[in-house]
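**Q** Take a look at entry.tsv, TSV, C-alpha atoms:
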```
chain	number	residue	atom	x	y	z
X	1	GLN	CA	0.00	0.00	0.00
X	2	ILE	CA	2.94	2.30	0.58
X	3	GLU	CA	5.66	2.26	-2.04
X	4	SER	CA	8.63	4.22	-3.25
X	5	ILE	CA	8.01	6.24	-6.37
X	6	ASP	CA	9.87	3.68	-8.54
X	7	GLU	CA	7.83	0.77	-7.15
X	8	PHE	CA	4.60	2.73	-7.61
X	9	ILE	CA	5.40	3.50	-11.26
X	10	LYS	CA	6.39	-0.12	-11.92
X	11	HIS	CA	3.09	-1.45	-10.51
X	12	TYR	CA	1.02	1.28	-12.18
X	13	ASP	CA	2.64	0.70	-15.57
X	14	ALA	CA	2.03	-3.07	-15.29
X	15	SER	CA	-1.68	-2.37	-15.72
X	16	LYS	CA	-2.68	-2.40	-19.37
X	17	LEU	CA	-5.72	-0.24	-18.59
X	18	ALA	CA	-3.85	2.88	-17.45
X	19	ALA	CA	-1.66	5.24	-19.44
X	20	PRO	CA	1.98	4.62	-18.49
X	21	LEU	CA	3.65	6.94	-15.99
X	22	SER	CA	7.21	6.25	-17.14
X	23	THR	CA	6.98	8.83	-19.89
X	24	GLN	CA	8.68	12.14	-20.53
X	25	PHE	CA	7.10	14.98	-18.57
X	26	LEU	CA	5.80	17.68	-20.92
X	27	PHE	CA	3.62	20.80	-20.94
X	28	ARG	CA	2.89	21.12	-17.21
X	29	GLU	CA	5.71	23.38	-16.01
X	30	ASP	CA	3.26	26.15	-15.00
X	31	GLU	CA	1.26	23.64	-12.98
X	32	LEU	CA	4.44	22.56	-11.14
X	33	LYS	CA	5.03	26.19	-10.15
X	34	GLU	CA	1.41	26.58	-9.04
X	35	LEU	CA	1.65	23.46	-6.85
X	36	ASP	CA	4.81	24.86	-5.29
X	37	THR	CA	3.00	28.11	-4.49
X	38	LEU	CA	0.06	26.22	-2.98
X	39	PHE	CA	2.36	24.11	-0.80
X	40	GLN	CA	3.83	27.31	0.63
X	41	GLN	CA	0.32	28.04	1.95
X	42	ASN	CA	-0.73	24.56	3.15
X	43	ASN	CA	0.78	21.12	3.65
X	44	VAL	CA	-2.09	19.33	1.89
X	45	ILE	CA	-3.09	19.78	-1.75
X	46	VAL	CA	-6.04	18.08	-3.45
X	47	LEU	CA	-5.22	17.73	-7.15
X	48	THR	CA	-8.40	17.12	-9.11
X	49	GLY	CA	-9.54	16.92	-12.70
X	50	PRO	CA	-11.23	14.70	-15.25
X	51	ALA	CA	-9.93	11.23	-16.04
X	52	GLY	CA	-6.91	11.30	-18.32
X	53	THR	CA	-5.71	14.82	-17.52
X	54	GLY	CA	-2.43	13.60	-16.03
X	55	LYS	CA	-3.08	14.11	-12.33
X	56	THR	CA	-0.95	11.16	-11.23
X	57	ARG	CA	1.87	12.01	-13.64
X	58	LEU	CA	1.92	15.63	-12.45
X	59	ALA	CA	1.81	14.57	-8.79
X	60	LEU	CA	4.78	12.23	-9.23
X	61	GLN	CA	6.77	14.83	-11.16
X	62	TYR	CA	6.11	17.40	-8.46
X	63	ALA	CA	7.09	14.93	-5.74
X	64	GLU	CA	10.37	14.12	-7.51
X	65	THR	CA	11.18	17.79	-8.01
X	66	TYR	CA	10.28	18.58	-4.41
X	67	SER	CA	12.37	15.68	-3.12
X	68	GLN	CA	15.39	16.78	-5.14
X	69	SER	CA	15.24	20.30	-3.71
X	70	THR	CA	14.42	19.38	-0.09
X	71	GLY	CA	15.66	15.83	0.42
X	72	ALA	CA	12.14	14.70	1.32
X	73	GLN	CA	11.39	10.98	1.20
X	74	ILE	CA	8.54	10.22	-1.23
X	75	LEU	CA	5.93	7.68	-0.18
X	76	CYS	CA	3.21	6.72	-2.66
X	77	ILE	CA	-0.03	5.43	-1.21
X	78	HIS	CA	-2.72	3.45	-3.01
X	79	ASP	CA	-5.61	1.35	-1.78
X	80	ASN	CA	-5.26	-2.36	-1.09
X	81	ALA	CA	-8.38	-2.42	1.11
X	82	LEU	CA	-6.21	-2.83	4.22
X	83	PRO	CA	-5.78	-0.49	7.18
X	84	LEU	CA	-2.93	1.95	6.54
X	85	TYR	CA	-2.19	3.32	9.98
X	86	GLU	CA	0.40	0.70	11.01
X	87	ASP	CA	2.12	0.78	7.61
X	88	LEU	CA	2.32	4.56	7.73
X	89	TYR	CA	3.71	4.42	11.26
X	90	LEU	CA	6.47	2.02	10.13
X	91	TYR	CA	7.42	4.05	7.06
X	92	MET	CA	7.46	7.33	8.97
X	93	GLU	CA	8.97	5.95	12.16
X	94	MET	CA	11.99	8.26	12.03
X	95	PRO	CA	11.64	12.04	12.11
X	96	GLY	CA	12.33	13.61	8.76
X	97	HIS	CA	10.97	15.30	5.69
X	98	TYR	CA	8.23	13.40	3.81
X	99	MET	CA	6.11	13.85	0.70
X	100	LEU	CA	3.07	11.58	0.55
X	101	VAL	CA	1.38	11.07	-2.82
X	102	VAL	CA	-2.10	9.61	-2.31
X	103	ASP	CA	-3.40	8.46	-5.69
X	104	ASP	CA	-7.13	8.07	-6.39
X	105	ALA	CA	-7.88	9.11	-2.83
X	106	ASN	CA	-11.61	8.48	-3.12
X	107	GLN	CA	-10.82	4.76	-3.32
X	108	LEU	CA	-8.64	4.79	-0.22
X	109	SER	CA	-10.23	3.46	2.94
X	110	GLY	CA	-9.17	5.56	5.88
X	111	LEU	CA	-7.98	8.67	4.04
X	112	GLN	CA	-8.91	10.82	7.04
X	113	HIS	CA	-6.64	8.69	9.26
X	114	VAL	CA	-3.71	9.10	6.86
X	115	VAL	CA	-4.14	12.88	6.75
X	116	GLN	CA	-4.62	13.08	10.51
X	117	TYR	CA	-1.54	10.99	11.26
X	118	ALA	CA	0.66	12.68	8.69
X	119	THR	CA	-0.25	16.24	9.64
X	120	LYS	CA	0.10	16.01	13.39
X	121	GLN	CA	2.56	18.56	14.66
X	122	VAL	CA	5.50	16.54	15.98
X	123	ASP	CA	9.01	17.91	16.33
X	124	GLY	CA	11.36	16.69	13.66
X	125	TYR	CA	8.64	15.86	11.11
X	126	THR	CA	7.75	17.84	8.01
X	127	VAL	CA	5.04	16.23	5.90
X	128	LYS	CA	3.47	17.39	2.65
X	129	ILE	CA	0.53	15.45	1.18
X	130	LEU	CA	-0.43	15.57	-2.49
X	131	ILE	CA	-3.80	13.90	-3.10
X	132	THR	CA	-5.11	13.01	-6.55
X	133	VAL	CA	-8.81	12.49	-7.19
X	134	ARG	CA	-11.07	12.60	-10.22
X	135	ASP	CA	-13.34	15.61	-10.39
X	136	TYR	CA	-16.56	13.64	-9.86
X	137	ALA	CA	-15.29	12.38	-6.47
X	138	VAL	CA	-13.55	15.48	-5.13
X	139	SER	CA	-16.41	16.45	-2.80
X	140	LYS	CA	-16.18	13.04	-1.07
X	141	VAL	CA	-12.43	13.50	-0.50
X	142	LYS	CA	-12.86	17.06	0.73
X	143	SER	CA	-15.55	15.99	3.19
X	144	GLU	CA	-13.24	13.27	4.55
X	145	ILE	CA	-10.37	15.64	5.28
X	146	HIS	CA	-12.39	18.75	6.17
X	147	GLY	CA	-11.68	19.74	9.75
X	148	ILE	CA	-8.60	17.51	9.96
X	149	ALA	CA	-6.21	19.67	7.96
X	150	SER	CA	-6.33	22.87	5.99
X	151	TYR	CA	-5.76	22.26	2.29
X	152	ASN	CA	-5.78	23.86	-1.11
X	153	THR	CA	-7.47	22.47	-4.20
X	154	PHE	CA	-5.86	22.56	-7.63
X	155	ALA	CA	-8.04	21.73	-10.65
X	156	LEU	CA	-6.07	20.33	-13.57
X	157	THR	CA	-7.43	20.92	-17.05
X	158	LEU	CA	-7.05	18.89	-20.21
X	159	LEU	CA	-4.08	19.44	-22.48
X	160	SER	CA	-4.79	21.36	-25.66
X	161	ASP	CA	-5.36	19.52	-28.94
X	162	GLU	CA	-2.00	20.84	-30.14
X	163	GLN	CA	-0.21	19.51	-27.05
X	164	ILE	CA	-1.87	16.12	-27.46
X	165	GLN	CA	-0.76	15.99	-31.10
X	166	GLN	CA	2.81	16.78	-30.03
X	167	LEU	CA	2.70	13.93	-27.55
```
Written as structure tokens, that's how I'd like the structure from this file.
**A**
Amino acid sequence: QIESIDEFIKHYDASKLAAPLSTQFLFREDELKELDTLFQQNNVIVLTGPAGTGKTRLALQYAETYSQSTGAQILCIHDNALPLYEDLYLYMEMPGHYMLVVDDANQLSGLQHVVQYATKQVDGYTVKILITVRDYAVSKVKSEIHGIASYNTFALTLLSDEQIQQL
């Protein structure tokens, strides 16, 4: 349920139903800057948009860029229908700088527990959480984390026809 970014990409790309993540990152440089600005305001960002807009790809690219500049450890979280609390405790046992990428958060059981655990104010811990969710399920995710942590929402739009042709 909790993987390094390389393990996450490997498992994600093994699915023949999803667009591969191990591709060149293009056209979303402005969105990277906007995410950086939003993370200066809050430690939790909800990245939303229609299916196929590249939410997961953008989230992983941001996490890698953030990790390179801060030394943060990236942990990718996806649902296996198992409780996450103990796994999260083991992975974040040592104080440090962490970036959690929670993909398809509406499918994750216990999202509120992840956000609550990861955002508690403990000396020696800095945690940023980047949550991806499709636009039709964003209200469910927001209601789960509302009151637990302050957050910003970033709505990702489709690439232009020209950009898609270039891809």
**Q** So which residues fall inside 12 Å of (0.7, 0.0, -9.6) if we count all atoms listed in the file? Mind giving them as a PyMOL selection string?
**A** chain X and resi 1-22+56+76-80+103-104
**Q** Just give me the residues with any atom within 10 Å of (-0.9, 22.2, -13.9), file coordinates, counting all atoms listed in the file, written as a list in words.
**A**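 It turns out the residues near that spot are Phe27, Arg28, Glu29, Asp30, Glu31, Leu32, Lys33, Glu34, Leu35, Leu47, Thr53, Gly54, Lys55, Leu58, Ala59, Phe154, Ala155, Leu156, Thr157, Leu158 and Leu159 of chain X.
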**Q** Could you tell me how far CA of Ala51 (chain X) sits from CA of Thr119 (chain X), in Å to one decimal place?
**A**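 About the pair CA of Thr119 (chain X) and CA of Ala51 (chain X): they are 27.9 Å apart.
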**Q** How many Å lie between CA of Thr126 (chain X) and CA of Thr70 (chain X), rounded to one decimal?
**A**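 Computing the Euclidean distance for CA of Thr126 (chain X) and CA of Thr70 (chain X) yields 10.6 Å.
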**Q** Can you report as AutoDock Vina command-line options the centre and edge lengths in Å, to one decimal, of an axis-aligned box around the listed atoms of region 74-78 of chain X padded with 3 Å on each side?
**A**
```
--center_x 2.9 --center_y 6.8 --center_z -1.6 --size_x 17.3 --size_y 12.8 --size_z 8.8
```
**Q** CA of Leu130 (chain X) to CA of Gln116 (chain X): how many Å, to one decimal?
**A**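 CA of Gln116 (chain X) lies at a distance of 13.9 Å from CA of Leu130 (chain X).
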**Q** Smallest atom-to-atom distance to Lys128 (chain X): which of X:Ala81, X:Leu167, X:Val115, X:Val44, using only C-alpha atoms?
**A** X:Val44
**Q** When distances are computed from only C-alpha atoms, which of X:Ser139, X:Gln41, X:Thr132, X:Gln165 shows the smallest separation from Ala105 (chain X)?
**A**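 Nearest candidate to Ala105 (chain X) out of X:Ser139, X:Gln41, X:Thr132, X:Gln165: X:Thr132.
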**Q** Give me, as a tab-separated table, the closest atom pair and its distance (Å, one decimal) for every residue of region 6-74 of chain X within a cut-off of 9 Å of region 141-149 of chain X, counting all atoms listed in the file, rows sorted by chain and rising number.
**A**
```
residue	atom	partner	partner_atom	distance
X:Asn42	CA	X:Ala149	CA	8.8
X:Asn43	CA	X:Ala149	CA	8.3
X:Val44	CA	X:Ala149	CA	7.3
X:Val46	CA	X:Lys142	CA	8.1
```
**Q** With C-alpha atoms retained, could you export that selection as a PDB file, in the coordinates of the input?
**A**
```pdb
ATOM      1  CA  ASN X  42      -0.730  24.560   3.150  1.00  0.00           C
ATOM      2  CA  ASN X  43       0.780  21.120   3.650  1.00  0.00           C
ATOM      3  CA  VAL X  44      -2.090  19.330   1.890  1.00  0.00           C
ATOM      4  CA  VAL X  46      -6.040  18.080  -3.450  1.00  0.00           C
TER       5      VAL X  46
END
```
**Q** Residues at most 10 Å from Tyr136 (chain X), counting all atoms listed in the file, excluding those fewer than 2 positions away in the same chain, as a PyMOL selection string?
**A** chain X and resi 48-51+106+133-134+138-140
**Q** Kindly indicate which residue among X:Ile131, X:Val122, X:Leu82, X:Leu90 lies nearest to Ser109 (chain X), using all atoms listed in the file for the distances.
**A**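 The shortest atom-to-atom distance to Ser109 (chain X) comes from X:Leu82.
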**Q** Counting all atoms listed in the file, which of X:Asp36, X:Glu86, X:Glu93, X:Asp135 gets nearest to Thr65 (chain X)?
**A**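 The closest residue to Thr65 (chain X) is X:Asp36.
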**Q** Find, counting only C-alpha atoms, the residue in X:Leu111, X:Ile164, X:Ala118, X:Val127 that gets nearest to Ser67 (chain X).
**A**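 So, comparing all the options, the nearest one is X:Val127.
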**Q** All heavy atoms are needed for region 74-85 of chain X; please write them out as a PDB file, in the coordinates of the input.
**A**
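Listing of out30.pdb after writing:
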```
ATOM      1  N   ILE X  74       9.839  10.345  -0.577  1.00  0.00           N
ATOM      2  CA  ILE X  74       8.540  10.220  -1.230  1.00  0.00           C
ATOM      3  C   ILE X  74       7.933   8.870  -0.887  1.00  0.00           C
ATOM      4  O   ILE X  74       8.568   7.834  -1.051  1.00  0.00           O
ATOM      5  CB  ILE X  74       8.669  10.339  -2.768  1.00  0.00           C
ATOM      6  CG1 ILE X  74       9.329  11.650  -3.163  1.00  0.00           C
ATOM      7  CG2 ILE X  74       7.294  10.198  -3.429  1.00  0.00           C
ATOM      8  CD1 ILE X  74       9.739  11.704  -4.622  1.00  0.00           C
ATOM      9  N   LEU X  75       6.684   8.899  -0.434  1.00  0.00           N
ATOM     10  CA  LEU X  75       5.930   7.680  -0.180  1.00  0.00           C
ATOM     11  C   LEU X  75       4.642   7.761  -0.990  1.00  0.00           C
ATOM     12  O   LEU X  75       3.875   8.713  -0.836  1.00  0.00           O
ATOM     13  CB  LEU X  75       5.607   7.540   1.304  1.00  0.00           C
ATOM     14  CG  LEU X  75       6.793   7.474   2.260  1.00  0.00           C
ATOM     15  CD1 LEU X  75       6.308   7.478   3.712  1.00  0.00           C
ATOM     16  CD2 LEU X  75       7.638   6.242   1.984  1.00  0.00           C
ATOM     17  N   CYS X  76       4.414   6.766  -1.845  1.00  0.00           N
ATOM     18  CA  CYS X  76       3.210   6.720  -2.660  1.00  0.00           C
ATOM     19  C   CYS X  76       2.224   5.753  -2.024  1.00  0.00           C
ATOM     20  O   CYS X  76       2.582   4.629  -1.673  1.00  0.00           O
ATOM     21  CB  CYS X  76       3.540   6.269  -4.081  1.00  0.00           C
ATOM     22  SG  CYS X  76       4.663   7.393  -4.947  1.00  0.00           S
ATOM     23  N   ILE X  77       0.994   6.206  -1.891  1.00  0.00           N
ATOM     24  CA  ILE X  77      -0.030   5.430  -1.210  1.00  0.00           C
ATOM     25  C   ILE X  77      -1.161   5.130  -2.179  1.00  0.00           C
ATOM     26  O   ILE X  77      -1.653   6.023  -2.876  1.00  0.00           O
ATOM     27  CB  ILE X  77      -0.576   6.192   0.015  1.00  0.00           C
ATOM     28  CG1 ILE X  77       0.559   6.486   0.991  1.00  0.00           C
ATOM     29  CG2 ILE X  77      -1.712   5.427   0.678  1.00  0.00           C
ATOM     30  CD1 ILE X  77       0.170   7.374   2.150  1.00  0.00           C
ATOM     31  N   HIS X  78      -1.564   3.865  -2.221  1.00  0.00           N
ATOM     32  CA  HIS X  78      -2.720   3.450  -3.010  1.00  0.00           C
ATOM     33  C   HIS X  78      -3.492   2.416  -2.212  1.00  0.00           C
ATOM     34  O   HIS X  78      -2.974   1.823  -1.260  1.00  0.00           O
ATOM     35  CB  HIS X  78      -2.297   2.898  -4.373  1.00  0.00           C
ATOM     36  CG  HIS X  78      -1.379   1.725  -4.267  1.00  0.00           C
ATOM     37  ND1 HIS X  78      -1.825   0.432  -4.274  1.00  0.00           N
ATOM     38  CD2 HIS X  78      -0.032   1.652  -4.108  1.00  0.00           C
ATOM     39  CE1 HIS X  78      -0.778  -0.388  -4.135  1.00  0.00           C
ATOM     40  NE2 HIS X  78       0.312   0.329  -4.028  1.00  0.00           N
ATOM     41  N   ASP X  79      -4.729   2.203  -2.575  1.00  0.00           N
ATOM     42  CA  ASP X  79      -5.610   1.350  -1.780  1.00  0.00           C
ATOM     43  C   ASP X  79      -5.423  -0.127  -2.085  1.00  0.00           C
ATOM     44  O   ASP X  79      -5.426  -0.541  -3.239  1.00  0.00           O
ATOM     45  CB  ASP X  79      -7.063   1.728  -2.043  1.00  0.00           C
ATOM     46  CG  ASP X  79      -8.009   0.969  -1.141  1.00  0.00           C
ATOM     47  OD1 ASP X  79      -7.715   0.866   0.059  1.00  0.00           O
ATOM     48  OD2 ASP X  79      -9.041   0.486  -1.634  1.00  0.00           O
ATOM     49  N   ASN X  80      -5.237  -0.900  -1.020  1.00  0.00           N
ATOM     50  CA  ASN X  80      -5.260  -2.360  -1.090  1.00  0.00           C
ATOM     51  C   ASN X  80      -6.336  -2.914  -0.177  1.00  0.00           C
ATOM     52  O   ASN X  80      -6.310  -4.084   0.183  1.00  0.00           O
ATOM     53  CB  ASN X  80      -3.904  -2.963  -0.672  1.00  0.00           C
ATOM     54  CG  ASN X  80      -2.892  -2.906  -1.780  1.00  0.00           C
ATOM     55  OD1 ASN X  80      -3.218  -2.598  -2.916  1.00  0.00           O
ATOM     56  ND2 ASN X  80      -1.657  -3.181  -1.456  1.00  0.00           N
ATOM     57  N   ALA X  81      -7.265  -2.056   0.232  1.00  0.00           N
ATOM     58  CA  ALA X  81      -8.380  -2.420   1.110  1.00  0.00           C
ATOM     59  C   ALA X  81      -7.891  -2.937   2.471  1.00  0.00           C
ATOM     60  O   ALA X  81      -8.530  -3.769   3.088  1.00  0.00           O
ATOM     61  CB  ALA X  81      -9.297  -3.433   0.443  1.00  0.00           C
ATOM     62  N   LEU X  82      -6.745  -2.459   2.914  1.00  0.00           N
ATOM     63  CA  LEU X  82      -6.210  -2.830   4.220  1.00  0.00           C
ATOM     64  C   LEU X  82      -5.983  -1.562   5.033  1.00  0.00           C
ATOM     65  O   LEU X  82      -5.713  -0.498   4.480  1.00  0.00           O
ATOM     66  CB  LEU X  82      -4.878  -3.571   4.063  1.00  0.00           C
ATOM     67  CG  LEU X  82      -4.916  -4.890   3.303  1.00  0.00           C
ATOM     68  CD1 LEU X  82      -3.493  -5.367   3.014  1.00  0.00           C
ATOM     69  CD2 LEU X  82      -5.681  -5.933   4.081  1.00  0.00           C
ATOM     70  N   PRO X  83      -6.058  -1.665   6.356  1.00  0.00           N
ATOM     71  CA  PRO X  83      -5.780  -0.490   7.180  1.00  0.00           C
ATOM     72  C   PRO X  83      -4.352   0.021   6.939  1.00  0.00           C
ATOM     73  O   PRO X  83      -3.414  -0.756   6.827  1.00  0.00           O
ATOM     74  CB  PRO X  83      -5.938  -1.015   8.611  1.00  0.00           C
ATOM     75  CG  PRO X  83      -6.765  -2.240   8.482  1.00  0.00           C
ATOM     76  CD  PRO X  83      -6.449  -2.821   7.146  1.00  0.00           C
ATOM     77  N   LEU X  84      -4.219   1.332   6.872  1.00  0.00           N
ATOM     78  CA  LEU X  84      -2.930   1.950   6.540  1.00  0.00           C
ATOM     79  C   LEU X  84      -2.149   2.446   7.751  1.00  0.00           C
ATOM     80  O   LEU X  84      -0.957   2.692   7.640  1.00  0.00           O
ATOM     81  CB  LEU X  84      -3.173   3.159   5.636  1.00  0.00           C
ATOM     82  CG  LEU X  84      -3.220   2.905   4.155  1.00  0.00           C
ATOM     83  CD1 LEU X  84      -3.726   4.127   3.434  1.00  0.00           C
ATOM     84  CD2 LEU X  84      -1.850   2.548   3.647  1.00  0.00           C
ATOM     85  N   TYR X  85      -2.815   2.638   8.858  1.00  0.00           N
ATOM     86  CA  TYR X  85      -2.190   3.320   9.980  1.00  0.00           C
ATOM     87  C   TYR X  85      -0.858   2.680  10.389  1.00  0.00           C
ATOM     88  O   TYR X  85       0.147   3.369  10.530  1.00  0.00           O
ATOM     89  CB  TYR X  85      -3.141   3.374  11.178  1.00  0.00           C
ATOM     90  CG  TYR X  85      -2.590   4.172  12.327  1.00  0.00           C
ATOM     91  CD1 TYR X  85      -2.743   5.547  12.361  1.00  0.00           C
ATOM     92  CD2 TYR X  85      -1.883   3.559  13.353  1.00  0.00           C
ATOM     93  CE1 TYR X  85      -2.228   6.299  13.398  1.00  0.00           C
ATOM     94  CE2 TYR X  85      -1.363   4.297  14.398  1.00  0.00           C
ATOM     95  CZ  TYR X  85      -1.537   5.666  14.418  1.00  0.00           C
ATOM     96  OH  TYR X  85      -1.014   6.405  15.437  1.00  0.00           O
TER      97      TYR X  85
END
```
